[in-house]
Amino acid sequence: MRCLFGAWESMTSMSRTLIWIKGREEGEGAAGEAGVASGIRRRRIVGGWKTARDEMRYSKSDFPESISKSSTSCGGGDEERAWRQQQELPRTKIIHHITVYDLAAKKGRLVVILVVVSMSIKVLGAAADQQVPAMYVFGDSALDVGNNNYLVGQDVRRANTPLNGIDYPGSRPTGRFSNGYNVADYIAKTLGFNESPPAYLSLAPRIPLGLAALTGGVSYASGDAGILDSTNAGNTIPLTKQLSYFRSTKAEMEASAGAHAVSSLLSRSFFLVGVGSNDMFVFAAAPDDAAAFYGSLIASYSAAITDLYRMGARKFGIINVGLIGCVPRVRALHATGACNDGLNQLAAGFDSALSSLLPTLAAGLPGLAYSLADYYNLTQATFANPRASGFANIDTACCGGGRLGAETDCLPNSMLCADRGNFVYWDRVHACQHAGEITAAAYYDGGLFTAPLTFKQVTRPSG
């Protein structure tokens with residue numbers, strides 16, 4: 001037996017992604033050496049720990065006592081804690097045995113190419129600093145962390161160019177419609193994660209989908225998405241397609257970990273849903289029968305929550321539609337820069353119908369717990385007293401051009417505000433990082449803008 005250290009380095013990103021693995025190497029005879037001739041060798045690592053950063057957030061494994069004791073010669077304890085603290089890594093307990101493949105890269109560096117999880121996987125609970133084992137995100141651009149980067153088409157809305165992401169670590173655009181983190185990231189942070197789970201379309205082929213979904217979750221949110229399939233059709237991932245992707249994800253999770261373990265994990269995970277604004281914008285452009293419109297939206301929303309429930313979801317955070325008539329893009333169309341009351345009333349009507357739907361839905365789905373986050377009234381309260389939240393500007397885009405900075409998208413050559421923390425809006429529609437942070441805090445433990453529970457109460461362990 002000998003101690004083994006390895007590092008996996010992402011070759012597809014400017015930022016460095018590391019997985020450190022420490023443990024003991026067990027020989028596998030002829031089978032273990034079968035790949036040597038081709039320059040690849042198979043190793044089985046038993047015991048020890050592994051950590052990661054960026055999109056691969058895996059760390060301390062939880063092993064039987066006998067294995068842990070046999071691995072002590074590799075160090076641990078203070079050494080591990082010091083290394084983890086230095087890297088500022090999250091902790092997520094995940095698996096019992098792992099199989100890794102390594103090869104000698106150029107410059108003589110050991111690079112672990114892939115972590116393969118097979119029959120021996122054992123999914124465990126959330127780490128001590130995480131309230132839930134995983135988080136799954138569904139919605140539109142307010143929650144998107146990069147899915148639209150992978151969609152094809154000139155009309156697809158993306159946030160993959162500077163100045164987007166200027167305040168994100170590394171000052172790089174990630175696909176978030178923000179100067180840094182968005183509200184999904186800050187909600188994830190309140191639950192003990194480093195940031196939102198990675199975008200679904202970003203995972204393959206770099207990271208096995210099932211492994212990512214088991215060890216932190218996945219985001220399916222897509223810019224311009226709607227509740228209805230017809231909303232911005234062809235240029236986004238509608239809610240029904242996001243659910244279809246989750247169904248595929250669940251199948252891969254079960255193939256790796258088994259149906260029972262996945263069912264247990266999903267029942268303790270957090271499902272964040274925020275969608276509807278784009279449906280309002282599309283309807284308002286060609287208004288028709290509002291009652292029929294609401295009926296279609298609520299029927300589709302009900303079907304989505306029920307579908308997720310049947311696939312194992314039990315803990316929901318649901319965000320209603322905010323003051324869409326007050327975003328800079330809409331204000332810029334008014335001679336005085338005022339809000340569009342008609343759009344706000346349209347959103348309020350939907351929010352009222354959603355508020356009525358959820359208790360009825362929960363009554364027929366045993367074990368479902370939800371928190372309805374009131375983005376509409378939170379925004380209203382913020383606008384009534386912006387300085388209380390640290391804002392000096394509530395009507396202008398920080399990044400953009402033209403009137404109220406809202407006549408163009410945020411582009412590399414756009415005008416950029418001097419103090420981004422003072423602005424509610426980053427671009428002509430989306431909130432700045434600071435607004436996302438305040439919003440997440442209000443949903444998590446504020447009480448004034450959530451019902452019947454806060455996000456903190458929903459994610460509290462059962463029993």
# chains A, B, ... in the order shown; residues from 1 in each chain; ligands from 1
$ select_by_dssp --residues "region 309-377 of chain A" --states "strand (DSSP E)" --output "VMD selection string"
chain A and resid 315 to 319 369 to 373
$ residues_around --residues "Ile298 (chain A)" --least-positions-apart "2" --cutoff "10 Å" --atoms "only C-alpha atoms" --output "list in words"
Ile227, Leu228, Ala292, Phe293, Tyr294, Gly295, Ser296, Ser300, Tyr301, Ser302, Ala303, Ala304, Phe350, Asp351, Ala353, Leu354, Ser356, Leu357 and Leu358 of chain A
$ closest_residue --among "A:Val429, A:Met280, A:Ala373, A:Ala290" --to "Ala441 (chain A)" --atoms "only C-alpha atoms"
A:Ala373
$ residues_around --residues "Gly274 (chain A)" --least-positions-apart "3" --cutoff "12 Å" --atoms "only C-alpha atoms" --output "PyMOL selection string"
chain A and resi 136-144+183-184+219-227+239+271+277-278+301+304-305+316-322+351+354+371-375
$ write_last_selection --atoms "N, CA and C atoms" --output "short mmCIF file (atom, residue, chain, number, x, y, z; two decimals), in the first residue's frame"
data_model
loop_
_atom_site.label_atom_id
_atom_site.label_comp_id
_atom_site.auth_asym_id
_atom_site.auth_seq_id
_atom_site.Cartn_x
_atom_site.Cartn_y
_atom_site.Cartn_z
N TYR A 136 -31.92 21.83 -7.05
CA TYR A 136 -32.26 21.74 -8.47
C TYR A 136 -33.06 23.00 -8.84
N VAL A 137 -32.65 23.66 -9.93
CA VAL A 137 -33.17 24.99 -10.25
C VAL A 137 -33.88 24.97 -11.60
N PHE A 138 -35.08 25.56 -11.62
CA PHE A 138 -35.90 25.64 -12.83
C PHE A 138 -36.39 27.08 -12.98
N GLY A 139 -36.30 27.63 -14.18
CA GLY A 139 -36.78 28.99 -14.34
C GLY A 139 -36.21 29.71 -15.53
N ASP A 140 -36.12 31.03 -15.39
CA ASP A 140 -35.73 31.90 -16.50
C ASP A 140 -34.38 32.57 -16.24
N SER A 141 -34.16 33.72 -16.89
CA SER A 141 -32.84 34.35 -16.85
C SER A 141 -32.44 34.86 -15.48
N ALA A 142 -33.41 35.08 -14.59
CA ALA A 142 -33.07 35.52 -13.23
C ALA A 142 -32.28 34.45 -12.50
N LEU A 143 -32.44 33.18 -12.92
CA LEU A 143 -31.79 32.05 -12.26
C LEU A 143 -30.76 31.35 -13.14
N ASP A 144 -30.74 31.65 -14.43
CA ASP A 144 -29.85 30.98 -15.38
C ASP A 144 -28.38 31.22 -15.02
N VAL A 183 -29.48 35.63 -7.99
CA VAL A 183 -30.25 35.25 -6.80
C VAL A 183 -30.19 33.75 -6.54
N ALA A 184 -30.10 32.93 -7.59
CA ALA A 184 -29.97 31.48 -7.39
C ALA A 184 -28.68 31.15 -6.64
N SER A 219 -28.72 22.99 -12.44
CA SER A 219 -29.62 24.09 -12.82
C SER A 219 -30.08 23.91 -14.26
N TYR A 220 -31.39 23.96 -14.45
CA TYR A 220 -31.99 23.83 -15.78
C TYR A 220 -32.53 25.18 -16.27
N ALA A 221 -32.40 26.22 -15.45
CA ALA A 221 -32.97 27.53 -15.78
C ALA A 221 -32.37 28.08 -17.07
N SER A 222 -33.21 28.79 -17.82
CA SER A 222 -32.80 29.28 -19.14
C SER A 222 -33.37 30.66 -19.40
N GLY A 223 -32.51 31.57 -19.84
CA GLY A 223 -32.94 32.91 -20.17
C GLY A 223 -34.05 32.91 -21.21
N ASP A 224 -35.06 33.75 -20.99
CA ASP A 224 -36.23 33.89 -21.87
C ASP A 224 -37.24 32.76 -21.73
N ALA A 225 -37.01 31.83 -20.82
CA ALA A 225 -37.94 30.70 -20.65
C ALA A 225 -39.27 31.18 -20.09
N GLY A 226 -40.30 30.43 -20.44
CA GLY A 226 -41.62 30.72 -19.91
C GLY A 226 -42.28 29.48 -19.35
N ILE A 227 -43.41 29.70 -18.72
CA ILE A 227 -44.24 28.58 -18.26
C ILE A 227 -44.84 27.88 -19.47
N LEU A 239 -40.18 25.53 -19.64
CA LEU A 239 -40.29 24.79 -18.38
C LEU A 239 -40.52 23.30 -18.62
N PHE A 271 -35.88 22.28 -4.33
CA PHE A 271 -36.26 22.55 -5.71
C PHE A 271 -36.70 24.01 -5.82
N SER A 277 -42.24 35.69 -15.84
CA SER A 277 -42.08 37.06 -16.33
C SER A 277 -42.14 37.13 -17.85
N ASN A 278 -41.48 36.20 -18.51
CA ASN A 278 -41.44 36.25 -19.97
C ASN A 278 -42.81 35.98 -20.59
N TYR A 301 -48.36 25.41 -14.61
CA TYR A 301 -47.57 25.47 -13.38
C TYR A 301 -47.93 24.31 -12.46
N ALA A 304 -46.41 21.17 -13.69
CA ALA A 304 -44.97 21.11 -13.48
C ALA A 304 -44.63 20.72 -12.04
N ILE A 305 -45.29 21.34 -11.07
CA ILE A 305 -45.03 21.01 -9.66
C ILE A 305 -45.43 19.57 -9.38
N PHE A 316 -39.96 22.70 -1.88
CA PHE A 316 -40.00 23.68 -2.97
C PHE A 316 -39.83 25.11 -2.47
N GLY A 317 -39.07 25.89 -3.22
CA GLY A 317 -39.04 27.34 -3.08
C GLY A 317 -39.55 27.90 -4.40
N ILE A 318 -40.66 28.62 -4.37
CA ILE A 318 -41.31 29.10 -5.59
C ILE A 318 -41.34 30.62 -5.55
N ILE A 319 -40.80 31.25 -6.58
CA ILE A 319 -40.71 32.71 -6.64
C ILE A 319 -41.77 33.24 -7.60
N ASN A 320 -42.57 34.20 -7.12
CA ASN A 320 -43.60 34.75 -8.01
C ASN A 320 -43.00 35.80 -8.94
N VAL A 321 -43.84 36.42 -9.74
CA VAL A 321 -43.39 37.42 -10.72
C VAL A 321 -43.32 38.79 -10.06
N GLY A 322 -42.24 39.50 -10.30
CA GLY A 322 -42.03 40.80 -9.68
C GLY A 322 -42.64 41.97 -10.43
N ASP A 351 -49.77 36.40 -9.85
CA ASP A 351 -49.28 36.08 -8.51
C ASP A 351 -50.42 35.68 -7.58
N LEU A 354 -51.42 32.15 -8.48
CA LEU A 354 -50.40 31.20 -8.01
C LEU A 354 -50.52 30.99 -6.51
N SER A 371 -42.42 27.09 0.03
CA SER A 371 -42.35 28.49 0.42
C SER A 371 -42.60 29.31 -0.83
N LEU A 372 -43.62 30.16 -0.79
CA LEU A 372 -43.89 31.06 -1.90
C LEU A 372 -43.20 32.39 -1.61
N ALA A 373 -42.18 32.71 -2.40
CA ALA A 373 -41.41 33.94 -2.22
C ALA A 373 -42.08 35.07 -3.00
N ASP A 374 -42.34 36.16 -2.31
CA ASP A 374 -43.10 37.27 -2.88
C ASP A 374 -42.15 38.34 -3.44
N TYR A 375 -41.66 38.10 -4.63
CA TYR A 375 -40.74 39.04 -5.27
C TYR A 375 -41.44 40.35 -5.59
#
$ select_by_dssp --residues "region 150-234 of chain A" --states "alpha helix (DSSP H)" --output "number ranges by chain"
A: 183-190, 200-203, 209-214
$ atom_distance --atom1 "CA of Asn385 (chain A)" --atom2 "CA of Ala440 (chain A)"
18.2 Å
